[in-house]
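Since the structure comes first, as structure tokens, the remarks are kept for the end.
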Amino acid sequence: MRIFVLVLQIISCVGLIATVLLQSGSSAGLGSIAGGAESLFGGSKKGLDELLSKISTGCAIGFLALTLLLCILS
């Protein structure tokens, strides 16, 4: 049981890292000018960023729950 939970925790950890790294940055420098122009001309990054945000939130909640479960099982 403990090994199964540990494998699930590793999978959620890798998923969390991947989704956070795939999200676009929101820096307030010169990149915000291009980001504003992209949203003006109908860029499709917003939908992808929202999806990645929801997935990363789910992975973070799963990671936290699995970590607590591993503490209980130890």
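Ligands are numbered from 1 in the order shown, residues from 1 within each chain, and chains are lettered A, B, ... in the order they appear in the structure tokens.
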Show me, as an MDAnalysis selection string, the residues that have an atom within 12 Å of region 55-62 of chain A when counting only C-alpha atoms, minus same-chain residues fewer than 2 positions from it.
chainID A and resid 5:6 8:23 48:53 64:69
